[in-house]
Amino acid sequence: MTLYVGVAGASEPDPELIPLAEALGGWLAGSGAVVVCGGGAGVMTAVCRGAREAGGVTVGILPDLDRSAANPYLTVALPTGLGEGRNFLLVRSSDALVAVGGGFGTLSEIALALRTGVPVIGLATWELSLSGAPVDPFRRTEDPELAAQLAIEAASERIRELS
């Protein structure tokens with residue numbers, strides 16, 4: 001069965017996240033996963049570029065109705081007209097989610113995934129705390145290869161549990 005791994009990340013990320021996202025895309029595609037993202041710039045372009053260069057399939061769930069706004073590395077561009085509401089579609093269409101870096105949109109996708117039982121892997125992303133105490137609801141790493149491996153394992157486990 002084909003695994004669908006969502007990737008959440010900012011359209012204007014810190015520059016050091018671009019090579020991490022591109023490497024992540026390559027590792028995910030090399031593992032046979034379909035990469036699902038928001039279809040825009042920044043982390044989304046980088047992960048799609050890496051996946052496509054590795055021969056993978058990429059799906060972008062676009063916030064607007066204009067396909068021409070999609071990044072050029074998408075295999076499939078799905079316009080929704082839902083704005084940030086498309087974050088829910090991204091999470092629900094993914095067997096696991098990798099959060100790369102993060103603004104508030106990425107944080108919302110992490111929360112949606114955790115709330116709906118979609119496994120989350122963090123790549124150089126938010127470290128969460130509750131009343132000052134660290135909260136560890138998902139694994140975090142700075143290594144894109146390890147993030148891809150963890151996402152594939154988590155997605156495979158989720159598919160087994162749902163079957």
# chains A, B, ... in the order shown; residues from 1 in each chain; ligands from 1
call {"tool": "residues_around", "arguments": {"residues": "stretch 113-118 of chain A", "least_positions_apart": "5", "cutoff": "12 Å", "atoms": "only C-alpha atoms", "output": "number ranges by chain"}}
result
A: 4-8, 87-99, 106-108, 136-138, 151, 154-159, 161-162
call {"tool": "residues_around", "arguments": {"residues": "A:Gly39", "least_positions_apart": "2", "cutoff": "6 Å", "atoms": "only C-alpha atoms", "output": "PyMOL selection string"}}
result
chain A and resi 37+44+60-62+70-71
call {"tool": "closest_residue", "arguments": {"among": "A:Ser68, A:Thr141, A:Thr58, A:Thr75", "to": "A:Gly26", "atoms": "only C-alpha atoms"}}
result
A:Thr58
call {"tool": "select_by_dssp", "arguments": {"residues": "stretch 24-84 of chain A", "states": "strand (DSSP E)", "output": "list in words"}}
result
Val34, Val35, Val36, Cys37, Thr58, Val59, Gly60, Ile61, Leu62, Val76, Ala77, Leu78 and Pro79 of chain A
call {"tool": "write_last_selection", "arguments": {"atoms": "N, CA, C and O atoms", "output": "PDB file, in the first residue's frame"}}
result
ATOM      1  N   VAL A  34       4.114   9.059  -1.078  1.00  0.00           N
ATOM      2  CA  VAL A  34       3.601  10.246  -1.758  1.00  0.00           C
ATOM      3  C   VAL A  34       3.731  11.395  -0.761  1.00  0.00           C
ATOM      4  O   VAL A  34       3.342  11.266   0.397  1.00  0.00           O
ATOM      5  N   VAL A  35       4.304  12.504  -1.216  1.00  0.00           N
ATOM      6  CA  VAL A  35       4.471  13.684  -0.362  1.00  0.00           C
ATOM      7  C   VAL A  35       3.268  14.598  -0.555  1.00  0.00           C
ATOM      8  O   VAL A  35       2.957  15.004  -1.674  1.00  0.00           O
ATOM      9  N   VAL A  36       2.593  14.931   0.544  1.00  0.00           N
ATOM     10  CA  VAL A  36       1.431  15.816   0.524  1.00  0.00           C
ATOM     11  C   VAL A  36       1.814  17.085   1.277  1.00  0.00           C
ATOM     12  O   VAL A  36       2.371  17.015   2.373  1.00  0.00           O
ATOM     13  N   CYS A  37       1.522  18.242   0.693  1.00  0.00           N
ATOM     14  CA  CYS A  37       1.846  19.504   1.358  1.00  0.00           C
ATOM     15  C   CYS A  37       0.828  20.567   0.959  1.00  0.00           C
ATOM     16  O   CYS A  37      -0.119  20.288   0.233  1.00  0.00           O
ATOM     17  N   THR A  58       4.179  14.154  -5.770  1.00  0.00           N
ATOM     18  CA  THR A  58       3.862  15.204  -4.813  1.00  0.00           C
ATOM     19  C   THR A  58       2.449  15.723  -5.048  1.00  0.00           C
ATOM     20  O   THR A  58       2.030  15.880  -6.190  1.00  0.00           O
ATOM     21  N   VAL A  59       1.744  15.980  -3.955  1.00  0.00           N
ATOM     22  CA  VAL A  59       0.378  16.502  -4.019  1.00  0.00           C
ATOM     23  C   VAL A  59       0.337  17.781  -3.194  1.00  0.00           C
ATOM     24  O   VAL A  59       0.768  17.791  -2.036  1.00  0.00           O
ATOM     25  N   GLY A  60      -0.201  18.836  -3.793  1.00  0.00           N
ATOM     26  CA  GLY A  60      -0.358  20.098  -3.083  1.00  0.00           C
ATOM     27  C   GLY A  60      -1.822  20.413  -2.873  1.00  0.00           C
ATOM     28  O   GLY A  60      -2.605  20.413  -3.825  1.00  0.00           O
ATOM     29  N   ILE A  61      -2.195  20.655  -1.627  1.00  0.00           N
ATOM     30  CA  ILE A  61      -3.567  21.048  -1.294  1.00  0.00           C
ATOM     31  C   ILE A  61      -3.541  22.562  -1.119  1.00  0.00           C
ATOM     32  O   ILE A  61      -3.140  23.071  -0.066  1.00  0.00           O
ATOM     33  N   LEU A  62      -3.937  23.262  -2.163  1.00  0.00           N
ATOM     34  CA  LEU A  62      -3.776  24.707  -2.245  1.00  0.00           C
ATOM     35  C   LEU A  62      -4.846  25.462  -1.462  1.00  0.00           C
ATOM     36  O   LEU A  62      -6.013  25.058  -1.452  1.00  0.00           O
ATOM     37  N   VAL A  76       0.480  16.871  -8.550  1.00  0.00           N
ATOM     38  CA  VAL A  76      -0.954  17.142  -8.518  1.00  0.00           C
ATOM     39  C   VAL A  76      -1.177  18.399  -7.679  1.00  0.00           C
ATOM     40  O   VAL A  76      -0.703  18.481  -6.545  1.00  0.00           O
ATOM     41  N   ALA A  77      -1.914  19.367  -8.233  1.00  0.00           N
ATOM     42  CA  ALA A  77      -2.269  20.588  -7.508  1.00  0.00           C
ATOM     43  C   ALA A  77      -3.783  20.618  -7.325  1.00  0.00           C
ATOM     44  O   ALA A  77      -4.528  20.609  -8.308  1.00  0.00           O
ATOM     45  N   LEU A  78      -4.234  20.629  -6.076  1.00  0.00           N
ATOM     46  CA  LEU A  78      -5.662  20.600  -5.768  1.00  0.00           C
ATOM     47  C   LEU A  78      -6.089  21.933  -5.156  1.00  0.00           C
ATOM     48  O   LEU A  78      -5.851  22.183  -3.965  1.00  0.00           O
ATOM     49  N   PRO A  79      -6.712  22.811  -5.934  1.00  0.00           N
ATOM     50  CA  PRO A  79      -7.185  24.084  -5.378  1.00  0.00           C
ATOM     51  C   PRO A  79      -8.424  23.848  -4.519  1.00  0.00           C
ATOM     52  O   PRO A  79      -9.301  23.057  -4.873  1.00  0.00           O
TER      53      PRO A  79
END
call {"tool": "select_by_dssp", "arguments": {"residues": "stretch 104-155 of chain A", "states": "alpha helix (DSSP H)", "output": "JSON, numbers by chain"}}
result
{"A": [104, 105, 106, 107, 108, 109, 110, 111, 112, 113, 114, 115, 116, 144, 145, 146, 147, 148, 149, 150, 151, 152, 153, 154, 155]}
call {"tool": "write_last_selection", "arguments": {"atoms": "C-alpha atoms", "output": "PDB file, in the first residue's frame"}}
result
ATOM      1  CA  PHE A 104       1.635  29.249  13.554  1.00  0.00           C
ATOM      2  CA  GLY A 105       0.230  27.455  10.490  1.00  0.00           C
ATOM      3  CA  THR A 106       2.633  24.585  11.104  1.00  0.00           C
ATOM      4  CA  LEU A 107       1.720  24.589  14.786  1.00  0.00           C
ATOM      5  CA  SER A 108      -1.963  24.362  13.858  1.00  0.00           C
ATOM      6  CA  GLU A 109      -1.233  21.376  11.613  1.00  0.00           C
ATOM      7  CA  ILE A 110       0.677  19.696  14.463  1.00  0.00           C
ATOM      8  CA  ALA A 111      -2.300  20.245  16.759  1.00  0.00           C
ATOM      9  CA  LEU A 112      -4.800  18.961  14.172  1.00  0.00           C
ATOM     10  CA  ALA A 113      -2.689  15.853  13.601  1.00  0.00           C
ATOM     11  CA  LEU A 114      -2.293  15.128  17.300  1.00  0.00           C
ATOM     12  CA  ARG A 115      -6.008  15.713  17.855  1.00  0.00           C
ATOM     13  CA  THR A 116      -7.025  13.331  15.047  1.00  0.00           C
ATOM     14  CA  PRO A 144      15.955  14.733   7.561  1.00  0.00           C
ATOM     15  CA  GLU A 145      16.813  11.083   6.895  1.00  0.00           C
ATOM     16  CA  LEU A 146      15.775  10.073  10.402  1.00  0.00           C
ATOM     17  CA  ALA A 147      12.611  12.202  10.116  1.00  0.00           C
ATOM     18  CA  ALA A 148      11.695  10.393   6.894  1.00  0.00           C
ATOM     19  CA  GLN A 149      12.368   6.972   8.453  1.00  0.00           C
ATOM     20  CA  LEU A 150      10.302   7.802  11.527  1.00  0.00           C
ATOM     21  CA  ALA A 151       7.451   9.120   9.367  1.00  0.00           C
ATOM     22  CA  ILE A 152       7.425   6.003   7.172  1.00  0.00           C
ATOM     23  CA  GLU A 153       7.426   3.759  10.255  1.00  0.00           C
ATOM     24  CA  ALA A 154       4.639   5.775  11.917  1.00  0.00           C
ATOM     25  CA  ALA A 155       2.551   5.857   8.728  1.00  0.00           C
TER      26      ALA A 155
END
call {"tool": "closest_residue", "arguments": {"among": "A:Gly85, A:Gly103, A:Gly50, A:Gly40", "to": "A:Ala69", "atoms": "only C-alpha atoms"}}
result
A:Gly40
call {"tool": "atom_distance", "arguments": {"atom1": "atom CA of A:Cys48", "atom2": "atom CA of A:Ala33"}}
result
12.0 Å
call {"tool": "closest_residue", "arguments": {"among": "A:Gly30, A:Gly122, A:Gly25, A:Pro63", "to": "A:Val47", "atoms": "only C-alpha atoms"}}
result
A:Gly25
call {"tool": "closest_residue", "arguments": {"among": "A:Val120, A:Ser11, A:Asp143, A:Arg67", "to": "A:Trp27", "atoms": "only C-alpha atoms"}}
result
A:Asp143
call {"tool": "decode", "arguments": {"residues": "stretch 36-52 of chain A", "atoms": "all heavy atoms", "output": "PDB file, in the first residue's frame"}}
result
ATOM      1  N   VAL A  36       2.593  14.931   0.544  1.00  0.00           N
ATOM      2  CA  VAL A  36       1.431  15.816   0.524  1.00  0.00           C
ATOM      3  C   VAL A  36       1.814  17.085   1.277  1.00  0.00           C
ATOM      4  O   VAL A  36       2.371  17.015   2.373  1.00  0.00           O
ATOM      5  CB  VAL A  36       0.213  15.161   1.208  1.00  0.00           C
ATOM      6  CG1 VAL A  36      -1.008  16.060   1.120  1.00  0.00           C
ATOM      7  CG2 VAL A  36      -0.072  13.792   0.616  1.00  0.00           C
ATOM      8  N   CYS A  37       1.522  18.242   0.693  1.00  0.00           N
ATOM      9  CA  CYS A  37       1.846  19.504   1.358  1.00  0.00           C
ATOM     10  C   CYS A  37       0.828  20.567   0.959  1.00  0.00           C
ATOM     11  O   CYS A  37      -0.119  20.288   0.233  1.00  0.00           O
ATOM     12  CB  CYS A  37       3.269  19.948   1.009  1.00  0.00           C
ATOM     13  SG  CYS A  37       3.468  20.505  -0.699  1.00  0.00           S
ATOM     14  N   GLY A  38       1.063  21.788   1.407  1.00  0.00           N
ATOM     15  CA  GLY A  38       0.172  22.893   1.083  1.00  0.00           C
ATOM     16  C   GLY A  38       0.357  23.446  -0.308  1.00  0.00           C
ATOM     17  O   GLY A  38      -0.426  24.288  -0.748  1.00  0.00           O
ATOM     18  N   GLY A  39       1.391  22.995  -1.010  1.00  0.00           N
ATOM     19  CA  GLY A  39       1.561  23.331  -2.418  1.00  0.00           C
ATOM     20  C   GLY A  39       2.180  24.674  -2.729  1.00  0.00           C
ATOM     21  O   GLY A  39       2.313  25.031  -3.893  1.00  0.00           O
ATOM     22  N   GLY A  40       2.589  25.418  -1.710  1.00  0.00           N
ATOM     23  CA  GLY A  40       3.114  26.763  -1.936  1.00  0.00           C
ATOM     24  C   GLY A  40       4.627  26.844  -1.938  1.00  0.00           C
ATOM     25  O   GLY A  40       5.325  25.909  -2.328  1.00  0.00           O
ATOM     26  N   ALA A  41       5.115  27.982  -1.463  1.00  0.00           N
ATOM     27  CA  ALA A  41       6.540  28.311  -1.486  1.00  0.00           C
ATOM     28  C   ALA A  41       7.246  27.778  -0.237  1.00  0.00           C
ATOM     29  O   ALA A  41       6.664  27.084   0.591  1.00  0.00           O
ATOM     30  CB  ALA A  41       6.687  29.833  -1.567  1.00  0.00           C
ATOM     31  N   GLY A  42       8.512  28.112  -0.108  1.00  0.00           N
ATOM     32  CA  GLY A  42       9.307  27.815   1.072  1.00  0.00           C
ATOM     33  C   GLY A  42       9.530  26.335   1.292  1.00  0.00           C
ATOM     34  O   GLY A  42      10.014  25.616   0.413  1.00  0.00           O
ATOM     35  N   VAL A  43       9.174  25.864   2.487  1.00  0.00           N
ATOM     36  CA  VAL A  43       9.344  24.455   2.847  1.00  0.00           C
ATOM     37  C   VAL A  43       8.606  23.570   1.856  1.00  0.00           C
ATOM     38  O   VAL A  43       9.103  22.521   1.447  1.00  0.00           O
ATOM     39  CB  VAL A  43       8.862  24.198   4.296  1.00  0.00           C
ATOM     40  CG1 VAL A  43       8.665  22.711   4.564  1.00  0.00           C
ATOM     41  CG2 VAL A  43       9.839  24.795   5.297  1.00  0.00           C
ATOM     42  N   MET A  44       7.430  24.002   1.433  1.00  0.00           N
ATOM     43  CA  MET A  44       6.611  23.184   0.529  1.00  0.00           C
ATOM     44  C   MET A  44       7.298  23.002  -0.826  1.00  0.00           C
ATOM     45  O   MET A  44       7.320  21.902  -1.368  1.00  0.00           O
ATOM     46  CB  MET A  44       5.227  23.817   0.380  1.00  0.00           C
ATOM     47  CG  MET A  44       4.453  23.859   1.697  1.00  0.00           C
ATOM     48  SD  MET A  44       2.985  24.910   1.653  1.00  0.00           S
ATOM     49  CE  MET A  44       3.719  26.544   1.874  1.00  0.00           C
ATOM     50  N   THR A  45       7.873  24.063  -1.362  1.00  0.00           N
ATOM     51  CA  THR A  45       8.608  23.955  -2.624  1.00  0.00           C
ATOM     52  C   THR A  45       9.827  23.057  -2.457  1.00  0.00           C
ATOM     53  O   THR A  45      10.099  22.192  -3.292  1.00  0.00           O
ATOM     54  CB  THR A  45       9.040  25.346  -3.130  1.00  0.00           C
ATOM     55  OG1 THR A  45       7.871  26.115  -3.420  1.00  0.00           O
ATOM     56  CG2 THR A  45       9.902  25.243  -4.377  1.00  0.00           C
ATOM     57  N   ALA A  46      10.551  23.259  -1.355  1.00  0.00           N
ATOM     58  CA  ALA A  46      11.780  22.490  -1.132  1.00  0.00           C
ATOM     59  C   ALA A  46      11.492  20.997  -0.984  1.00  0.00           C
ATOM     60  O   ALA A  46      12.184  20.165  -1.592  1.00  0.00           O
ATOM     61  CB  ALA A  46      12.510  23.013   0.101  1.00  0.00           C
ATOM     62  N   VAL A  47      10.480  20.619  -0.211  1.00  0.00           N
ATOM     63  CA  VAL A  47      10.187  19.196  -0.027  1.00  0.00           C
ATOM     64  C   VAL A  47       9.727  18.574  -1.345  1.00  0.00           C
ATOM     65  O   VAL A  47      10.099  17.437  -1.676  1.00  0.00           O
ATOM     66  CB  VAL A  47       9.175  18.958   1.122  1.00  0.00           C
ATOM     67  CG1 VAL A  47       7.754  19.328   0.749  1.00  0.00           C
ATOM     68  CG2 VAL A  47       9.248  17.524   1.612  1.00  0.00           C
ATOM     69  N   CYS A  48       8.961  19.333  -2.129  1.00  0.00           N
ATOM     70  CA  CYS A  48       8.504  18.819  -3.428  1.00  0.00           C
ATOM     71  C   CYS A  48       9.664  18.695  -4.413  1.00  0.00           C
ATOM     72  O   CYS A  48       9.741  17.720  -5.164  1.00  0.00           O
ATOM     73  CB  CYS A  48       7.420  19.722  -4.007  1.00  0.00           C
ATOM     74  SG  CYS A  48       5.850  19.604  -3.130  1.00  0.00           S
ATOM     75  N   ARG A  49      10.562  19.660  -4.401  1.00  0.00           N
ATOM     76  CA  ARG A  49      11.732  19.594  -5.286  1.00  0.00           C
ATOM     77  C   ARG A  49      12.549  18.343  -4.971  1.00  0.00           C
ATOM     78  O   ARG A  49      12.936  17.585  -5.862  1.00  0.00           O
ATOM     79  CB  ARG A  49      12.578  20.855  -5.146  1.00  0.00           C
ATOM     80  CG  ARG A  49      13.790  20.879  -6.057  1.00  0.00           C
ATOM     81  CD  ARG A  49      14.564  22.212  -6.043  1.00  0.00           C
ATOM     82  NE  ARG A  49      14.763  22.738  -4.713  1.00  0.00           N
ATOM     83  CZ  ARG A  49      14.254  23.892  -4.282  1.00  0.00           C
ATOM     84  NH1 ARG A  49      13.499  24.636  -5.060  1.00  0.00           N
ATOM     85  NH2 ARG A  49      14.487  24.302  -3.050  1.00  0.00           N
ATOM     86  N   GLY A  50      12.804  18.104  -3.683  1.00  0.00           N
ATOM     87  CA  GLY A  50      13.562  16.919  -3.282  1.00  0.00           C
ATOM     88  C   GLY A  50      12.861  15.632  -3.672  1.00  0.00           C
ATOM     89  O   GLY A  50      13.489  14.682  -4.151  1.00  0.00           O
ATOM     90  N   ALA A  51      11.546  15.593  -3.478  1.00  0.00           N
ATOM     91  CA  ALA A  51      10.782  14.385  -3.825  1.00  0.00           C
ATOM     92  C   ALA A  51      10.781  14.145  -5.328  1.00  0.00           C
ATOM     93  O   ALA A  51      10.977  13.008  -5.787  1.00  0.00           O
ATOM     94  CB  ALA A  51       9.349  14.502  -3.305  1.00  0.00           C
ATOM     95  N   ARG A  52      10.568  15.179  -6.107  1.00  0.00           N
ATOM     96  CA  ARG A  52      10.520  15.023  -7.563  1.00  0.00           C
ATOM     97  C   ARG A  52      11.881  14.627  -8.120  1.00  0.00           C
ATOM     98  O   ARG A  52      11.967  13.805  -9.029  1.00  0.00           O
ATOM     99  CB  ARG A  52      10.020  16.307  -8.233  1.00  0.00           C
ATOM    100  CG  ARG A  52       8.545  16.608  -8.003  1.00  0.00           C
ATOM    101  CD  ARG A  52       7.599  15.545  -8.561  1.00  0.00           C
ATOM    102  NE  ARG A  52       7.658  15.413  -9.993  1.00  0.00           N
ATOM    103  CZ  ARG A  52       6.935  16.105 -10.866  1.00  0.00           C
ATOM    104  NH1 ARG A  52       6.062  16.985 -10.423  1.00  0.00           N
ATOM    105  NH2 ARG A  52       7.069  15.913 -12.143  1.00  0.00           N
TER     106      ARG A  52
END
